[in-house]
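Note: the block below is coords07.cif and it holds mmCIF, C-alpha atoms.
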data_final
loop_
_atom_site.label_atom_id
_atom_site.label_comp_id
_atom_site.auth_asym_id
_atom_site.auth_seq_id
_atom_site.Cartn_x
_atom_site.Cartn_y
_atom_site.Cartn_z
CA MET A 205 -8.22 -123.29 -43.69
CA SER A 206 -6.50 -124.71 -40.58
CA ALA A 207 -7.53 -128.07 -39.22
CA GLN A 208 -9.81 -127.92 -36.21
CA PRO A 209 -8.56 -129.75 -33.11
CA ASP A 210 -10.54 -132.74 -31.91
CA LEU A 211 -11.11 -132.26 -28.19
CA LEU A 212 -13.51 -135.17 -27.72
CA TYR A 213 -12.53 -138.62 -26.52
CA SER A 214 -12.94 -141.49 -28.94
CA GLU A 215 -14.52 -144.81 -27.95
CA GLU A 216 -11.06 -146.40 -27.94
CA GLU A 217 -9.72 -143.70 -25.64
CA GLU A 218 -12.62 -144.15 -23.23
CA ALA A 219 -12.03 -147.91 -23.22
CA LEU A 220 -8.35 -147.27 -22.47
CA ARG A 221 -9.33 -144.95 -19.63
CA ALA A 222 -11.63 -147.57 -18.11
CA ALA A 223 -8.93 -150.25 -18.28
CA VAL A 224 -6.28 -148.02 -16.68
CA ARG A 225 -8.68 -146.83 -13.97
CA ASP A 226 -9.59 -150.41 -13.08
CA LEU A 227 -5.92 -151.34 -12.87
CA LEU A 228 -5.15 -148.37 -10.63
CA ALA A 229 -8.10 -149.19 -8.39
CA ASP A 230 -6.51 -152.59 -7.76
CA HIS A 231 -2.86 -151.53 -7.50
CA CYS A 232 -2.74 -147.89 -6.41
CA ASP A 233 -5.03 -147.06 -3.50
CA ALA A 234 -4.32 -143.93 -1.45
CA PRO A 235 -3.20 -145.71 1.76
CA GLY A 236 -0.72 -147.70 -0.30
CA VAL A 237 0.72 -144.56 -1.91
CA ILE A 238 1.08 -142.88 1.50
CA ALA A 239 2.81 -145.96 2.89
CA ARG A 240 5.22 -145.97 -0.05
CA ILE A 241 6.30 -142.36 0.30
CA GLU A 242 7.11 -143.07 3.93
CA SER A 243 9.52 -145.81 2.83
CA ASP A 244 12.84 -145.76 0.99
CA THR A 245 11.19 -147.05 -2.20
CA PRO A 246 8.39 -144.65 -3.17
CA HIS A 247 8.03 -145.98 -6.72
CA ASN A 248 5.43 -148.69 -7.23
CA MET A 249 7.32 -151.08 -9.48
CA ALA A 250 4.57 -153.71 -9.33
CA LEU A 251 2.17 -151.18 -10.82
CA TRP A 252 4.78 -150.18 -13.40
CA LYS A 253 5.13 -153.82 -14.44
CA ALA A 254 1.35 -154.13 -14.76
CA LEU A 255 1.20 -150.99 -16.91
CA THR A 256 4.08 -152.08 -19.15
CA ASP A 257 4.01 -155.88 -19.31
CA GLY A 258 0.28 -156.29 -18.84
CA MET A 259 -1.01 -153.41 -20.95
CA GLY A 260 1.95 -152.29 -23.07
CA LEU A 261 1.40 -148.65 -22.14
CA ALA A 262 5.09 -147.72 -22.04
CA GLY A 263 5.21 -148.14 -25.79
CA LEU A 264 2.24 -145.99 -26.81
CA LEU A 265 4.45 -143.44 -28.59
CA VAL A 266 6.83 -146.02 -30.07
CA PRO A 267 6.21 -147.28 -33.64
CA GLU A 268 4.99 -150.84 -34.06
CA GLU A 269 8.13 -151.88 -35.95
CA LEU A 270 10.07 -151.17 -32.75
CA ASP A 271 7.70 -153.31 -30.66
CA GLY A 272 5.63 -150.30 -29.59
CA GLN A 273 1.91 -149.65 -29.83
CA GLY A 274 2.12 -147.06 -32.60
CA ALA A 275 -0.45 -144.87 -30.86
CA THR A 276 -0.43 -141.09 -30.44
CA HIS A 277 -0.10 -138.47 -27.75
CA ARG A 278 -3.88 -138.53 -27.34
CA GLU A 279 -3.80 -142.05 -25.91
CA ALA A 280 -0.79 -141.22 -23.74
CA ALA A 281 -2.71 -138.20 -22.44
CA VAL A 282 -5.61 -140.41 -21.35
CA VAL A 283 -3.21 -142.64 -19.43
CA LEU A 284 -1.66 -139.60 -17.74
CA GLU A 285 -5.09 -138.29 -16.75
CA GLU A 286 -5.73 -141.52 -14.87
CA LEU A 287 -2.25 -141.61 -13.36
CA GLY A 288 -2.81 -138.03 -12.18
CA ARG A 289 -6.14 -138.98 -10.61
CA ALA A 290 -4.34 -141.64 -8.57
CA VAL A 291 -1.09 -139.68 -8.00
CA ALA A 292 0.54 -142.91 -9.14
CA PRO A 293 4.23 -143.15 -8.18
CA VAL A 294 5.44 -144.56 -11.51
CA PRO A 295 7.94 -143.08 -14.03
CA TYR A 296 5.43 -142.93 -16.89
CA LEU A 297 5.82 -139.26 -17.83
CA THR A 298 9.60 -139.30 -17.49
CA SER A 299 10.27 -142.61 -19.27
CA ALA A 300 7.34 -143.41 -21.58
CA VAL A 301 6.98 -139.78 -22.74
CA VAL A 302 10.03 -137.57 -22.18
CA ALA A 303 12.86 -140.11 -22.56
CA THR A 304 10.98 -141.85 -25.38
CA GLU A 305 10.53 -138.59 -27.29
CA ALA A 306 14.24 -137.83 -26.96
CA LEU A 307 15.11 -141.24 -28.39
CA LEU A 308 12.57 -140.83 -31.21
CA ALA A 309 14.35 -137.62 -32.18
CA CYS A 310 17.65 -139.52 -32.29
CA GLY A 311 16.23 -142.56 -34.08
CA THR A 312 17.69 -144.99 -31.55
CA GLY A 313 15.82 -148.22 -32.19
CA ASP A 314 17.27 -150.64 -29.64
CA LEU A 315 16.76 -148.35 -26.64
CA LEU A 316 13.26 -147.46 -27.82
CA THR A 317 12.38 -151.15 -27.94
CA GLU A 318 13.63 -151.60 -24.38
CA LEU A 319 11.65 -148.61 -23.11
CA ALA A 320 8.53 -149.67 -25.02
CA SER A 321 8.60 -153.13 -23.45
CA GLY A 322 9.24 -151.75 -19.99
CA THR A 323 12.40 -153.83 -19.58
CA SER A 324 14.31 -150.56 -19.18
CA ILE A 325 13.34 -147.24 -17.64
CA GLY A 326 14.79 -144.09 -19.15
CA ALA A 327 15.30 -140.63 -17.70
CA LEU A 328 16.35 -137.49 -19.53
CA ALA A 329 19.08 -135.92 -17.39
CA VAL A 330 17.64 -132.41 -17.58
CA ALA A 331 16.24 -130.72 -14.48
CA LEU A 332 12.48 -131.14 -14.11
CA GLY A 333 11.96 -127.39 -13.93
CA VAL A 334 13.45 -126.62 -17.37
CA ALA A 335 10.92 -125.28 -19.87
CA PRO A 336 10.97 -126.12 -23.59
CA GLY A 337 13.28 -123.62 -25.22
CA ALA A 338 15.07 -122.70 -21.98
CA ALA A 339 18.74 -123.25 -21.27
CA TYR A 340 19.70 -126.49 -19.58
CA LYS A 341 22.83 -127.71 -17.87
CA VAL A 342 25.23 -130.05 -19.68
CA VAL A 343 28.16 -132.20 -18.58
CA THR A 344 31.72 -132.17 -19.91
CA TYR A 345 32.79 -134.63 -22.58
CA GLU A 346 36.50 -135.26 -22.45
CA ASP A 347 38.60 -138.13 -23.86
CA GLY A 348 35.49 -140.24 -24.44
CA LEU A 349 34.22 -139.87 -20.87
CA LEU A 350 31.53 -137.72 -19.23
CA HIS A 351 32.17 -135.55 -16.19
CA GLY A 352 29.74 -133.35 -14.26
CA GLU A 353 26.79 -133.05 -11.92
CA LEU A 354 23.14 -132.57 -12.83
CA THR A 355 20.45 -131.77 -10.26
CA GLY A 356 16.68 -132.03 -10.12
CA ILE A 357 16.44 -135.15 -12.30
CA ALA A 358 13.01 -136.74 -11.86
CA ASP A 359 12.77 -140.52 -11.39
CA ALA A 360 16.54 -140.96 -11.80
CA ALA A 361 16.49 -143.32 -8.82
CA VAL A 362 14.68 -146.02 -10.82
CA ALA A 363 16.17 -145.31 -14.24
CA ASP A 364 18.22 -147.98 -16.02
CA VAL A 365 19.52 -145.59 -18.67
CA LEU A 366 20.19 -141.86 -18.38
CA LEU A 367 20.06 -139.64 -21.46
CA VAL A 368 22.74 -137.03 -20.78
CA PRO A 369 23.42 -133.87 -22.82
CA ALA A 370 27.11 -132.93 -23.08
CA ASP A 371 29.04 -129.79 -23.97
CA ASP A 372 30.04 -131.19 -27.37
CA GLY A 373 26.39 -130.97 -28.45
CA GLY A 374 25.72 -134.69 -28.21
CA LEU A 375 23.15 -136.66 -26.27
CA TYR A 376 24.66 -139.71 -24.59
CA ALA A 377 23.13 -142.87 -23.17
CA VAL A 378 24.69 -143.70 -19.82
CA ASP A 379 24.19 -146.86 -17.79
CA ALA A 380 22.57 -145.61 -14.59
CA THR A 381 24.65 -148.01 -12.49
CA ALA A 382 27.80 -146.21 -13.65
CA ALA A 383 26.53 -142.87 -12.30
CA THR A 384 26.12 -141.77 -8.70
CA VAL A 385 22.45 -141.02 -8.07
CA THR A 386 21.81 -139.14 -4.82
CA PRO A 387 18.21 -138.51 -3.71
CA GLN A 388 17.20 -134.89 -3.15
CA ILE A 389 14.60 -133.60 -0.74
CA SER A 390 11.44 -133.35 -2.84
CA LEU A 391 8.10 -131.73 -2.07
CA ASP A 392 6.32 -134.32 -4.19
CA LEU A 393 7.48 -137.64 -2.79
CA THR A 394 5.57 -139.56 -5.49
CA ARG A 395 7.94 -138.17 -8.16
CA PRO A 396 11.27 -137.94 -6.34
CA LEU A 397 14.19 -135.91 -7.65
CA ALA A 398 17.86 -136.82 -7.56
CA THR A 399 21.32 -135.47 -8.27
CA VAL A 400 23.24 -137.37 -10.95
CA THR A 401 27.02 -137.27 -10.70
CA LEU A 402 29.20 -138.51 -13.55
CA ASP A 403 32.86 -138.99 -12.70
CA GLY A 404 34.58 -140.20 -15.84
CA VAL A 405 31.66 -142.31 -17.07
CA PRO A 406 31.49 -143.71 -20.62
CA GLY A 407 28.50 -142.87 -22.73
CA ARG A 408 27.06 -143.94 -26.07
CA LEU A 409 26.42 -141.11 -28.51
CA LEU A 410 22.77 -141.11 -29.61
CA GLY A 411 22.58 -137.92 -31.66
CA ASP A 412 22.31 -134.15 -31.34
CA ALA A 413 21.14 -133.08 -27.90
CA GLU A 414 19.46 -129.80 -28.82
CA PRO A 415 16.58 -131.07 -31.02
CA ALA A 416 16.13 -134.17 -28.88
CA VAL A 417 15.88 -132.24 -25.61
CA ARG A 418 13.55 -129.63 -27.12
CA ARG A 419 11.21 -132.28 -28.52
CA ALA A 420 11.22 -134.22 -25.25
CA LEU A 421 10.52 -131.18 -23.07
CA ARG A 422 7.73 -129.98 -25.35
CA ALA A 423 5.99 -133.33 -25.18
CA GLY A 424 6.55 -133.49 -21.42
CA ALA A 425 5.04 -130.05 -20.90
CA GLY A 426 2.09 -130.75 -23.20
CA LEU A 427 1.15 -134.07 -21.63
CA LEU A 428 1.84 -132.85 -18.10
CA ALA A 429 -1.35 -130.80 -18.56
CA SER A 430 -3.31 -134.05 -18.81
CA GLU A 431 -1.82 -135.25 -15.53
CA GLN A 432 -2.76 -131.92 -13.95
CA LEU A 433 -6.27 -132.33 -15.37
CA GLY A 434 -6.57 -135.74 -13.76
CA LEU A 435 -5.57 -134.56 -10.31
CA ALA A 436 -7.74 -131.42 -10.55
CA ASP A 437 -10.74 -133.50 -11.61
CA TRP A 438 -10.20 -135.95 -8.73
CA THR A 439 -9.96 -133.18 -6.13
CA LEU A 440 -13.11 -131.49 -7.44
CA THR A 441 -15.09 -134.75 -7.57
CA GLU A 442 -14.01 -135.84 -4.09
CA THR A 443 -14.70 -132.42 -2.61
CA VAL A 444 -18.23 -132.35 -4.04
CA ARG A 445 -18.84 -135.87 -2.72
CA TYR A 446 -17.57 -134.98 0.74
CA LEU A 447 -19.64 -131.78 0.96
CA LYS A 448 -22.78 -133.75 0.06
CA ASP A 449 -22.14 -136.16 2.94
CA ARG A 450 -20.82 -133.75 5.58
CA LYS A 451 -23.61 -132.16 7.60
CA GLN A 452 -23.64 -129.02 9.70
CA PHE A 453 -26.70 -127.39 11.28
CA ASN A 454 -28.56 -130.53 10.19
CA ARG A 455 -28.02 -129.92 6.49
CA PRO A 456 -25.33 -130.92 3.95
CA VAL A 457 -22.43 -128.46 3.95
CA GLY A 458 -22.53 -128.45 0.15
CA GLY A 459 -25.95 -126.80 0.32
CA PHE A 460 -24.52 -123.49 1.53
CA GLN A 461 -24.53 -120.95 -1.26
CA ALA A 462 -21.00 -119.66 -0.65
CA LEU A 463 -19.56 -123.13 -1.12
CA LYS A 464 -21.74 -123.75 -4.18
CA HIS A 465 -20.23 -120.66 -5.80
CA ARG A 466 -16.69 -121.80 -5.04
CA LEU A 467 -17.34 -125.23 -6.48
CA ALA A 468 -19.05 -123.82 -9.56
CA GLN A 469 -16.07 -121.59 -10.24
CA LEU A 470 -13.74 -124.51 -9.80
CA TRP A 471 -15.82 -126.64 -12.17
CA LEU A 472 -15.50 -123.97 -14.85
CA GLU A 473 -11.72 -123.86 -14.37
CA VAL A 474 -11.40 -127.63 -14.62
CA ALA A 475 -13.57 -127.66 -17.76
CA GLY A 476 -11.25 -125.08 -19.29
CA LEU A 477 -8.23 -127.13 -18.29
CA ARG A 478 -9.73 -130.19 -19.97
CA ALA A 479 -10.09 -128.25 -23.24
CA ALA A 480 -6.52 -126.91 -23.03
CA ALA A 481 -5.03 -130.31 -22.17
CA ARG A 482 -6.93 -132.10 -24.93
CA ASN A 483 -5.92 -129.42 -27.42
CA ALA A 484 -2.25 -129.88 -26.48
CA ALA A 485 -2.46 -133.67 -26.81
CA ASP A 486 -4.21 -133.41 -30.18
CA ALA A 487 -1.70 -130.83 -31.45
CA LEU A 488 1.24 -133.00 -30.41
CA SER A 489 -0.27 -135.96 -32.23
CA THR A 490 -0.95 -134.00 -35.44
CA GLY A 491 1.96 -131.54 -35.29
CA HIS A 492 -0.40 -128.65 -36.00
CA ASP A 493 0.49 -125.53 -33.94
CA ALA A 494 1.94 -127.78 -31.24
CA ASP A 495 4.19 -125.10 -29.74
CA VAL A 496 1.26 -122.74 -29.23
CA ALA A 497 -1.05 -125.45 -27.90
CA VAL A 498 1.53 -126.65 -25.37
CA THR A 499 2.30 -123.17 -24.04
CA VAL A 500 -1.40 -122.34 -23.75
CA ALA A 501 -2.05 -125.56 -21.85
CA GLN A 502 0.80 -125.04 -19.40
CA ALA A 503 0.04 -121.35 -18.90
CA TYR A 504 -3.43 -122.39 -17.75
CA ALA A 505 -2.94 -125.81 -16.14
CA ALA A 506 -0.73 -125.07 -13.15
CA PRO A 507 -2.90 -122.39 -11.49
CA VAL A 508 -6.04 -124.50 -11.94
CA ALA A 509 -4.50 -127.69 -10.54
CA VAL A 510 -3.07 -125.86 -7.54
CA HIS A 511 -6.36 -124.03 -6.92
CA ALA A 512 -8.33 -127.28 -7.10
CA ALA A 513 -6.04 -128.98 -4.59
CA GLU A 514 -6.07 -125.99 -2.25
CA GLU A 515 -9.86 -125.84 -2.32
CA ALA A 516 -10.04 -129.57 -1.61
CA LEU A 517 -7.75 -129.17 1.38
CA GLN A 518 -9.74 -126.26 2.80
CA LEU A 519 -13.21 -127.64 2.12
CA HIS A 520 -12.37 -130.97 3.72
CA GLY A 521 -11.82 -129.00 6.93
CA GLY A 522 -9.78 -130.63 9.68
CA LEU A 523 -9.92 -133.98 7.89
CA GLY A 524 -8.04 -132.50 4.95
CA MET A 525 -5.17 -131.45 7.20
CA THR A 526 -4.43 -135.01 8.30
CA TRP A 527 -1.63 -137.14 6.85
CA GLU A 528 -3.96 -140.11 6.46
CA HIS A 529 -6.26 -138.30 4.02
CA PRO A 530 -4.77 -138.31 0.49
CA VAL A 531 -5.51 -134.68 -0.38
CA HIS A 532 -1.99 -133.64 0.64
CA LEU A 533 -0.60 -135.94 -2.06
CA TYR A 534 -2.56 -134.00 -4.67
CA LEU A 535 -1.56 -130.60 -3.35
CA LYS A 536 2.12 -131.53 -3.33
CA ARG A 537 1.92 -133.00 -6.82
CA ALA A 538 0.06 -129.92 -8.07
CA LYS A 539 2.65 -127.58 -6.56
CA ALA A 540 5.54 -129.61 -7.95
CA ASP A 541 3.88 -129.81 -11.38
CA SER A 542 3.40 -126.04 -11.36
CA ILE A 543 7.17 -125.61 -11.89
CA ALA A 544 7.78 -128.77 -13.93
CA TYR A 545 8.78 -128.18 -17.55
CA GLY A 546 8.47 -124.43 -16.97
CA THR A 547 6.26 -122.23 -14.83
CA ALA A 548 2.99 -120.75 -16.04
CA GLY A 549 4.75 -117.39 -16.29
CA ALA A 550 7.52 -118.83 -18.46
CA HIS A 551 4.94 -120.34 -20.79
CA ARG A 552 2.98 -117.09 -21.01
CA GLU A 553 6.20 -115.30 -21.98
CA ALA A 554 6.93 -117.96 -24.59
CA LEU A 555 3.38 -117.72 -25.91
CA ALA A 556 3.74 -113.96 -26.36
CA GLY A 557 6.68 -114.54 -28.63
CA LEU A 558 4.97 -117.31 -30.58
CA VAL A 559 1.92 -115.20 -31.41
CA ASP A 560 3.87 -111.95 -31.78
CA LEU A 561 2.04 -110.23 -28.96
CA GLN A 562 4.78 -108.90 -26.71
CA ALA A 563 3.96 -107.61 -23.27
CA PRO A 564 4.44 -103.85 -22.71
#

How would this structure read if it were set down as structure tokens?
Amino acid sequence: MSAQPDLLYSEEEEALRAAVRDLLADHCDAPGVIARIESDTPHNMALWKALTDGMGLAGLLVPEELDGQGATHREAAVVLEELGRAVAPVPYLTSAVVATEALLACGTGDLLTELASGTSIGALAVALGVAPGAAYKVVTYEDGLLHGELTGIADAAVADVLLVPADDGGLYAVDATAATVTPQISLDLTRPLATVTLDGVPGRLLGDAEPAVRRALRAGAGLLASEQLGLADWTLTETVRYLKDRKQFNRPVGGFQALKHRLAQLWLEVAGLRAAARNAADALSTGHDADVAVTVAQAYAAPVAVHAAEEALQLHGGLGMTWEHPVHLYLKRAKADSIAYGTAGAHREALAGLVDLQAP
């Protein structure tokens, strides 16, 4: 008999959620995020320091013997839910999850310790839109040096170390200061993309790229669903609150039946997303049917998150169309997340192969 997934939150996970939410309330308000994306430094490094130094959250997936917390993907998922609710401009998913998973696959202890402590930020130099199992671009390894250009690298602008796959099959650690990192125009300004150019740059061989990249992208896709859950839940909650307060014809707008139906449908979708995201996090932590759980979560998460953000924008009326209201941050993040680590369509196609149910 197969083990049943545990979709409920434990007391420890709820305590972690409360602590992270309190921290974000103090360090990541919406006006502050909007002001940051209008500047040349969108990342909130003060918040990152509070998350890493103050709470040790960068090391949740790192074993205790490497100065990590020795926790599981379930705890990391709770953190990502709260970061998604705040659209926090920090490199948590890219460094504490994706880069960390790649290093765990390679067994690189010193770099893992640096990432766990937050003294270094890592970025896997694979385009954000690459799905687990899909082809990814590599650079050329020649005479001990790396040459090439990689585009669409999330959070490369703040990375201290880049994990670069090369054509010899190896994964190399590259000092980010030795590479040329050029910002790209990004829809989601809270998770900026960049082009990484390596022109004869030395790298340290970590291990085989293929298993490391696959493991990292699978974890990234699975836990991205928790971030999408957080932003979908925030948009639903805020929309309900606004429609209770907003009055038209001397009655709350939320009292109109047509809007009640739209919100009820959205609540059902978000509830389904919560189940899918929790299942993916639990499967990643236990290793039981993780590939299936991740593809199911990502096949479902993107449409729900985008729908929730679109409904929030529309139901806030003219207010929602303004730059000062934060709903545009959530819509942009939802749209960007919908193609991160593979589109919903790519995951549905992968799921068909995993369960041997090919489309006609």

Item to complete: Run the PyMOL selection byres ((chain A and resi 265) around 12) mentally over the shown coordinates, then write out the matched residues as an NGL selection string, using the chain letters and numbers from the document.
Response: :A and (260-264 or 266-281 or 283 or 296-297 or 299-308 or 316-317 or 319-321 or 420 or 423 or 488-489)

Worksheet item: Pick the closest to Lys536 of chain A from A:Thr394, A:Thr443, A:Asn454, A:Gln502: which is it, counting all atoms listed in the file?
Response: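 With all atoms listed in the file as the atom set, the closest residue is A:Thr394.
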
Item to complete: Pick out the residues sitting within 8 Å of Pro295 of chain A, and hand them over as a ChimeraX atom specification; count only C-alpha atoms, and ignore anything fewer than 2 positions along from it in its own chain.
Response: /A:247,252,293,297-300,325,359,395

Practice prompt. Please provide the set of residues having any atom within 9 Å of Leu366 of chain A, restricted to all atoms listed in the file, with same-chain residues fewer than 6 positions apart removed, written as a VMD selection string.
Written response: chain A and resid 303 325 to 329 360 376 to 380 383

Item to complete: Pick out the closest residue to Ala358 of chain A from this set: A:Val385, A:Ala331, A:Asp371, A:Thr499. Count all atoms listed in the file.
Response: A:Ala331

Response to the item:
Students should find that atom CA of Val237 of chain A and atom CA of Leu517 of chain A are spaced 17.9 Å

Worksheet item: When you draw a straight line from atom CA of Asp449 of chain A to atom CA of Leu523 of chain A, how long is it in Å?
Response: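 Rounded to one decimal, the two atoms are 13.4 Å apart.
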
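For the choices A:Pro369, A:Gly426, A:Gly356, A:Gly476, the atom-to-atom distance to Pro396 of chain A is smallest for A:Gly356 when using only C-alpha atoms.
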
Kindly compute an axis-aligned box around the listed atoms of segment 445-450 of chain A, allowing 4 Å on each side, and express its centre and edge lengths in Å to one decimal as lines of an AutoDock Vina configuration file.
center_x = -20.2
center_y = -134.0
center_z = 1.4
size_x = 13.2
size_y = 12.4
size_z = 16.3

Worksheet item: Between atom CA of Tyr340 of chain A and atom CA of Thr384 of chain A, what is the spacing in Å?
Response: 19.8 Å

Worksheet item: Do you know which residues the PyMOL selection byres ((chain A and resi 458) around 6) returns on this file, as an MDAnalysis selection string?
Response: chainID A and resid 447:448 456:457 459:460
